[in-house]
Amino acid sequence: MKLQVKLAIYNALSKGIIIAAFGVLMPLIVKQVVYDHIDKRLIARTDRVLMIISKGGINEIIMEQDCSFESYNILKEEFISIEPLSNGTPAPETIIGNEQRDVGGERLTHRVIKQSFVYDNQLYQLNIGEGLSTIYQLNKIIMQFSLTLMIIFIIVSVFIDIGFARLMLKPFNKIVKQKLQLSGNPASYNFDSVKTSTWEFSYLDKSINELMKKTKDAFLIEKEFIANVAHELLTPISILQNRMENMIIGNEVPVEFENKIIESQKTLSRLSKIIRALLLISKIENDQYLKQEDVNLPALVDEVISELEEVMEEKDVHAVLNLEKVPPFGPGNKSLLFTMIFNLVNNAIRYNNIGGHIFIRGTYANNQYILEVEDTGIGIETNQLDNIFDRFKRFGSNDGQGYGLGLPIVKTIADFHRVAIFVSSKRMKGTTFTLKFQITPVA
Amino acid sequence: MNVLIVEDEKSLSHEVEIYLTKQGYNCDVAFNGKSASEKIFVNAYDFVLLDIGLPDYNGFDLLKEAREGNRDSAFIILTARSETDDKIKGLDLGADDYLAKPFSLMELHSRMQAILRRKHGLTTNAIRIGEFLMDINNRTVHYGEQLVNLTRKEFDLLHYLALHKNRVLTRMQLTEHIWGDVMEEDYDSNYIDVHIKNLRKKLSAFGGTDWLETVRGIGYRLNQ
């Protein structure tokens, strides 16, 4: 999940929780505040009524003894009642509570204070009530209003958060794009620092730059090392080869040794080929080849075939080509691609049976050119299929007949051009190599 | 023909010197860039064989410097360095050819011949082989008035054999010459035999080819 989404969700959740808590607690708090307020008023009124009674006598209010009195205001929202209590009843304290009352057929909730008092040796109870329905209604309206306001507030703030997070993370995305998604060649690394006012990002940027500097140094050292190894190994080989050549040309050696020298030359040549192949692989892997050409793949296959025509003739191997037209593949390195296809076809010839066939098919669909090289040869053992592209495992194979470094080179060139390569094989039936080229059609 | 061999590896320059002297060249040797620079400045060489990886001098600088003063010399770069653009750079700076170490001395010689032909037309353009006449410039082989139809590789093969006539050329050397680097490290597959077989077949339709000798187990020789 993206960080900015996470941040937005976190913000929304935390605000939501606060608002939910608020929503639960607010009615209770409001109720309490309202009750407190009403209660105070009721007590004050009770005091006033009692004062009036103590000053002017109860008869001002109640006409006759033993009669009760009840009075509502017009809207039935307030009432006062005084009722005599039988003398035996224990005098209750002041009680305040809610009470349902039937008023003119309506059932209304009132906040009622009950206060008993003694007048003329008679026990009375004074009830003063205030209707709650208006207040409840008001309460509800306030609640609804504030909840709506808060939900709107959450939605707006989530959007603001997302926008802000995006803005804040912009340098981060830039760092990732500019610094980390490079083509694998540290030499072309961009050391420009990304503009940001966020300390963490500039720290990250700086750390990546430092890391890449080390990587780049190591890369350059490796590159230099490879070049040096090449020089150090190939120069003595060169001396030996030329010396042997001179020995043969100069008729310096008896004929019986000539063959041995020629055999040694072959061995030497094999050694230098291996070194060159390894160099080629590491040079490709180090991005030391340019990819600038648009390559016509069917034409390239034709070139390979014509290059190998005589070789096929020798083994009486016949190539059957079926290549669909395709827009050029590129940018690529034509001579590397040539080597790749050459090695595949060469292998198909080498491990073929005399009189065998090579089927080369090219199909173009969905911006993909699939090139298959199928032979009718001896095939590859299943347990070796996984290793044929691995240059290090090739050396370890003790089957006596190495496939050389041809296929590791093929694989390296394919990877270099982001061409997917697959192999399938049946013992004594043949092997099929499949290459998948991504084609960008010209608009 | 005067040749300057610029090579810091003494054993290597020694072998090249032995070979080229036998081929009739006058050889001079420089083991570092400084002495090479001096020698090029003082003497007129037809060929400068230049190792790019010199201890004291950037080979490309030397090439540039030498090229400016010596329009007539032919420069062949010899290098074991494996930088991709070395070849392009060298040729851009005016080198005439480029050989990667290890190279075959005969290959070196045939490249030198090719340069001579290209630059000065100094070598003979026609080579007589038995009853056949080989035209190097037009890349044709005639038997009397009749054209022998050869493929590019067959022509190259015959030409290479003719260039080093009376000398055994191993299959390896021949393969390297006509295939370059693309072939892998197996010379036991006798690709070259097929070419020779086809060459013999095509030529013998016109005349005798007993001058083309198979040297058992080694390779081929053109006797004349």
# chains A, B, ... in the order shown; residues from 1 in each chain; ligands from 1

call {"tool": "interface_residues", "arguments": {"of": "chain A", "to": "chain B", "cutoff": "6 Å", "atoms": "only C-alpha atoms", "output": "tab-separated table (two decimals) with C-alpha atoms, in the first residue's frame"}}
result
chain	number	residue	atom	x	y	z
A	227	ALA	CA	40.53	-5.15	-19.02
A	231	HIS	CA	45.70	-7.91	-21.18
A	238	SER	CA	49.87	-14.18	-27.96
A	239	ILE	CA	53.60	-14.70	-27.41
A	243	ARG	CA	56.40	-18.45	-31.22
A	270	ARG	CA	40.88	-22.81	-27.15
A	273	LYS	CA	38.64	-18.33	-27.04
A	311	VAL	CA	28.66	-26.08	-42.40
A	314	GLU	CA	28.92	-30.79	-44.42

call {"tool": "residues_around", "arguments": {"residues": "Glu293 (chain A)", "least_positions_apart": "5", "cutoff": "7 Å", "atoms": "only C-alpha atoms", "output": "list in words"}}
result
Gly330, Pro331, Gly332, Asn333 and Lys334 of chain A

call {"tool": "write_last_selection", "arguments": {"atoms": "C-alpha atoms", "output": "mmCIF file, in the first residue's frame"}}
result
data_model
loop_
_atom_site.group_PDB
_atom_site.id
_atom_site.type_symbol
_atom_site.label_atom_id
_atom_site.label_comp_id
_atom_site.auth_asym_id
_atom_site.auth_seq_id
_atom_site.Cartn_x
_atom_site.Cartn_y
_atom_site.Cartn_z
ATOM 1 C CA GLY A 330 15.543 -1.973 -31.449
ATOM 2 C CA PRO A 331 17.446 -0.285 -30.196
ATOM 3 C CA GLY A 332 19.857 -3.170 -30.190
ATOM 4 C CA ASN A 333 23.386 -4.188 -30.990
ATOM 5 C CA LYS A 334 23.326 -5.911 -34.327
#

call {"tool": "residues_around", "arguments": {"residues": "Glu258 (chain A)", "least_positions_apart": "4", "cutoff": "9 Å", "atoms": "only C-alpha atoms", "output": "count of residues only"}}
result
7

call {"tool": "closest_residue", "arguments": {"among": "A:Ile175, A:Ile135, A:Leu180, A:Ile154", "to": "Gly16 (chain A)", "atoms": "only C-alpha atoms"}}
result
A:Ile154

call {"tool": "residues_around", "arguments": {"residues": "Glu77 (chain A)", "least_positions_apart": "2", "cutoff": "9 Å", "atoms": "only C-alpha atoms", "output": "PyMOL selection string"}}
result
chain A and resi 72-75+79+108+110+129-134

call {"tool": "select_by_dssp", "arguments": {"residues": "region 47-158 of chain B", "states": "alpha helix (DSSP H)", "output": "NGL selection string"}}
result
:B and (59-69 or 84-92 or 105-120 or 152-158)

call {"tool": "select_by_dssp", "arguments": {"residues": "region 19-268 of chain A", "states": "strand (DSSP E)", "output": "PyMOL selection string"}}
result
chain A and resi 69-72+78-85+95-103+106-119+122-131

call {"tool": "write_last_selection", "arguments": {"atoms": "N, CA and C atoms", "output": "CSV table (one decimal), in the first residue's frame"}}
result
chain,number,residue,atom,x,y,z
A,69,PHE,N,-53.5,21.8,44.7
A,69,PHE,CA,-53.5,22.9,43.7
A,69,PHE,C,-52.6,22.4,42.5
A,70,GLU,N,-53.0,22.7,41.4
A,70,GLU,CA,-52.2,22.4,40.2
A,70,GLU,C,-52.4,23.5,39.1
A,71,SER,N,-51.2,24.0,38.6
A,71,SER,CA,-51.3,25.0,37.6
A,71,SER,C,-50.3,24.8,36.5
A,72,TYR,N,-50.8,24.9,35.3
A,72,TYR,CA,-49.9,24.8,34.1
A,72,TYR,C,-49.8,26.1,33.4
A,78,GLU,N,-44.6,24.2,31.8
A,78,GLU,CA,-44.2,24.3,33.2
A,78,GLU,C,-45.4,24.1,34.0
A,79,PHE,N,-45.2,23.6,35.2
A,79,PHE,CA,-46.4,23.5,36.1
A,79,PHE,C,-45.9,23.6,37.6
A,80,ILE,N,-46.8,24.0,38.4
A,80,ILE,CA,-46.6,24.0,39.9
A,80,ILE,C,-47.8,23.3,40.5
A,81,SER,N,-47.5,22.4,41.4
A,81,SER,CA,-48.6,21.8,42.2
A,81,SER,C,-48.3,21.7,43.6
A,82,ILE,N,-49.2,21.9,44.4
A,82,ILE,CA,-49.1,21.7,45.9
A,82,ILE,C,-50.1,20.7,46.3
A,83,GLU,N,-49.7,19.7,47.0
A,83,GLU,CA,-50.8,18.8,47.5
A,83,GLU,C,-50.5,18.4,48.9
A,84,PRO,N,-51.6,18.4,49.7
A,84,PRO,CA,-51.4,18.1,51.1
A,84,PRO,C,-51.1,16.6,51.2
A,85,LEU,N,-50.3,16.3,52.2
A,85,LEU,CA,-50.0,14.8,52.4
A,85,LEU,C,-50.5,14.4,53.8
A,95,ILE,N,-36.5,15.9,46.1
A,95,ILE,CA,-36.2,14.9,45.1
A,95,ILE,C,-36.3,15.6,43.7
A,96,ILE,N,-35.3,15.4,42.9
A,96,ILE,CA,-35.4,15.9,41.5
A,96,ILE,C,-35.4,14.7,40.6
A,97,GLY,N,-36.3,14.6,39.7
A,97,GLY,CA,-36.2,13.5,38.7
A,97,GLY,C,-37.1,13.8,37.5
A,98,ASN,N,-37.0,12.8,36.6
A,98,ASN,CA,-37.9,13.0,35.4
A,98,ASN,C,-39.2,12.2,35.7
A,99,GLU,N,-40.2,12.7,35.1
A,99,GLU,CA,-41.5,12.1,35.3
A,99,GLU,C,-42.4,12.3,34.1
A,100,GLN,N,-43.1,11.2,33.7
A,100,GLN,CA,-44.0,11.3,32.6
A,100,GLN,C,-45.4,11.8,33.2
A,101,ARG,N,-45.9,12.7,32.5
A,101,ARG,CA,-47.2,13.2,32.9
A,101,ARG,C,-48.2,13.3,31.8
A,102,ASP,N,-49.4,13.0,32.1
A,102,ASP,CA,-50.5,13.1,31.1
A,102,ASP,C,-51.0,14.5,31.2
A,103,VAL,N,-50.8,15.3,30.2
A,103,VAL,CA,-51.3,16.6,30.2
A,103,VAL,C,-52.3,16.8,29.0
A,106,GLU,N,-51.9,14.3,26.4
A,106,GLU,CA,-50.5,14.2,25.9
A,106,GLU,C,-49.7,13.6,27.0
A,107,ARG,N,-48.7,12.8,26.6
A,107,ARG,CA,-47.8,12.3,27.6
A,107,ARG,C,-46.5,13.0,27.4
A,108,LEU,N,-46.2,13.8,28.4
A,108,LEU,CA,-45.0,14.6,28.2
A,108,LEU,C,-44.0,14.3,29.4
A,109,THR,N,-42.7,14.4,29.0
A,109,THR,CA,-41.7,14.2,30.1
A,109,THR,C,-41.4,15.6,30.7
A,110,HIS,N,-41.3,15.6,32.0
A,110,HIS,CA,-41.0,16.8,32.7
A,110,HIS,C,-39.9,16.5,33.7
A,111,ARG,N,-39.1,17.5,33.9
A,111,ARG,CA,-38.1,17.5,35.0
A,111,ARG,C,-38.9,18.1,36.2
A,112,VAL,N,-39.0,17.3,37.3
A,112,VAL,CA,-39.8,17.7,38.4
A,112,VAL,C,-39.0,17.7,39.7
A,113,ILE,N,-39.3,18.8,40.5
A,113,ILE,CA,-38.7,18.8,41.8
A,113,ILE,C,-39.8,18.6,42.8
A,114,LYS,N,-39.6,17.8,43.8
A,114,LYS,CA,-40.6,17.5,44.8
A,114,LYS,C,-40.0,18.0,46.1
A,115,GLN,N,-40.7,18.9,46.8
A,115,GLN,CA,-40.2,19.4,48.0
A,115,GLN,C,-41.4,19.4,49.0
A,116,SER,N,-41.1,18.8,50.1
A,116,SER,CA,-42.2,18.8,51.1
A,116,SER,C,-42.0,19.9,52.2
A,117,PHE,N,-43.1,20.4,52.6
A,117,PHE,CA,-42.9,21.4,53.7
A,117,PHE,C,-44.2,21.4,54.6
A,118,VAL,N,-44.0,21.9,55.8
A,118,VAL,CA,-45.1,21.9,56.8
A,118,VAL,C,-45.6,23.3,57.0
A,119,TYR,N,-47.0,23.4,56.9
A,119,TYR,CA,-47.6,24.6,57.1
A,119,TYR,C,-48.9,24.4,57.9
A,122,GLN,N,-49.7,21.0,58.9
A,122,GLN,CA,-50.1,20.1,57.8
A,122,GLN,C,-48.9,19.9,56.9
A,123,LEU,N,-48.7,18.7,56.5
A,123,LEU,CA,-47.5,18.4,55.6
A,123,LEU,C,-48.0,18.5,54.1
A,124,TYR,N,-47.2,19.3,53.4
A,124,TYR,CA,-47.6,19.5,52.0
A,124,TYR,C,-46.4,19.1,51.1
A,125,GLN,N,-46.7,18.8,49.9
A,125,GLN,CA,-45.6,18.6,48.9
A,125,GLN,C,-45.7,19.5,47.7
A,126,LEU,N,-44.7,20.2,47.5
A,126,LEU,CA,-44.6,21.2,46.4
A,126,LEU,C,-43.9,20.5,45.2
A,127,ASN,N,-44.6,20.5,44.1
A,127,ASN,CA,-44.0,19.9,42.8
A,127,ASN,C,-43.9,21.1,41.8
A,128,ILE,N,-42.7,21.3,41.3
A,128,ILE,CA,-42.5,22.2,40.2
A,128,ILE,C,-41.8,21.5,39.1
A,129,GLY,N,-42.4,21.6,37.9
A,129,GLY,CA,-41.9,20.8,36.8
A,129,GLY,C,-41.6,21.7,35.6
A,130,GLU,N,-40.7,21.2,34.8
A,130,GLU,CA,-40.5,21.9,33.5
A,130,GLU,C,-40.4,20.9,32.4
A,131,GLY,N,-41.1,21.1,31.3
A,131,GLY,CA,-41.1,20.2,30.2
A,131,GLY,C,-39.8,20.0,29.5

call {"tool": "residues_around", "arguments": {"residues": "Asn138 (chain B)", "least_positions_apart": "5", "cutoff": "12 Å", "atoms": "only C-alpha atoms", "output": "NGL selection string"}}
result
:B and (125-126 or 133 or 147 or 152 or 155)

call {"tool": "residues_around", "arguments": {"residues": "Phe153 (chain A)", "least_positions_apart": "4", "cutoff": "12 Å", "atoms": "only C-alpha atoms", "output": "NGL selection string"}}
result
:A and (11-12 or 15-16 or 19 or 146-149 or 157-161)
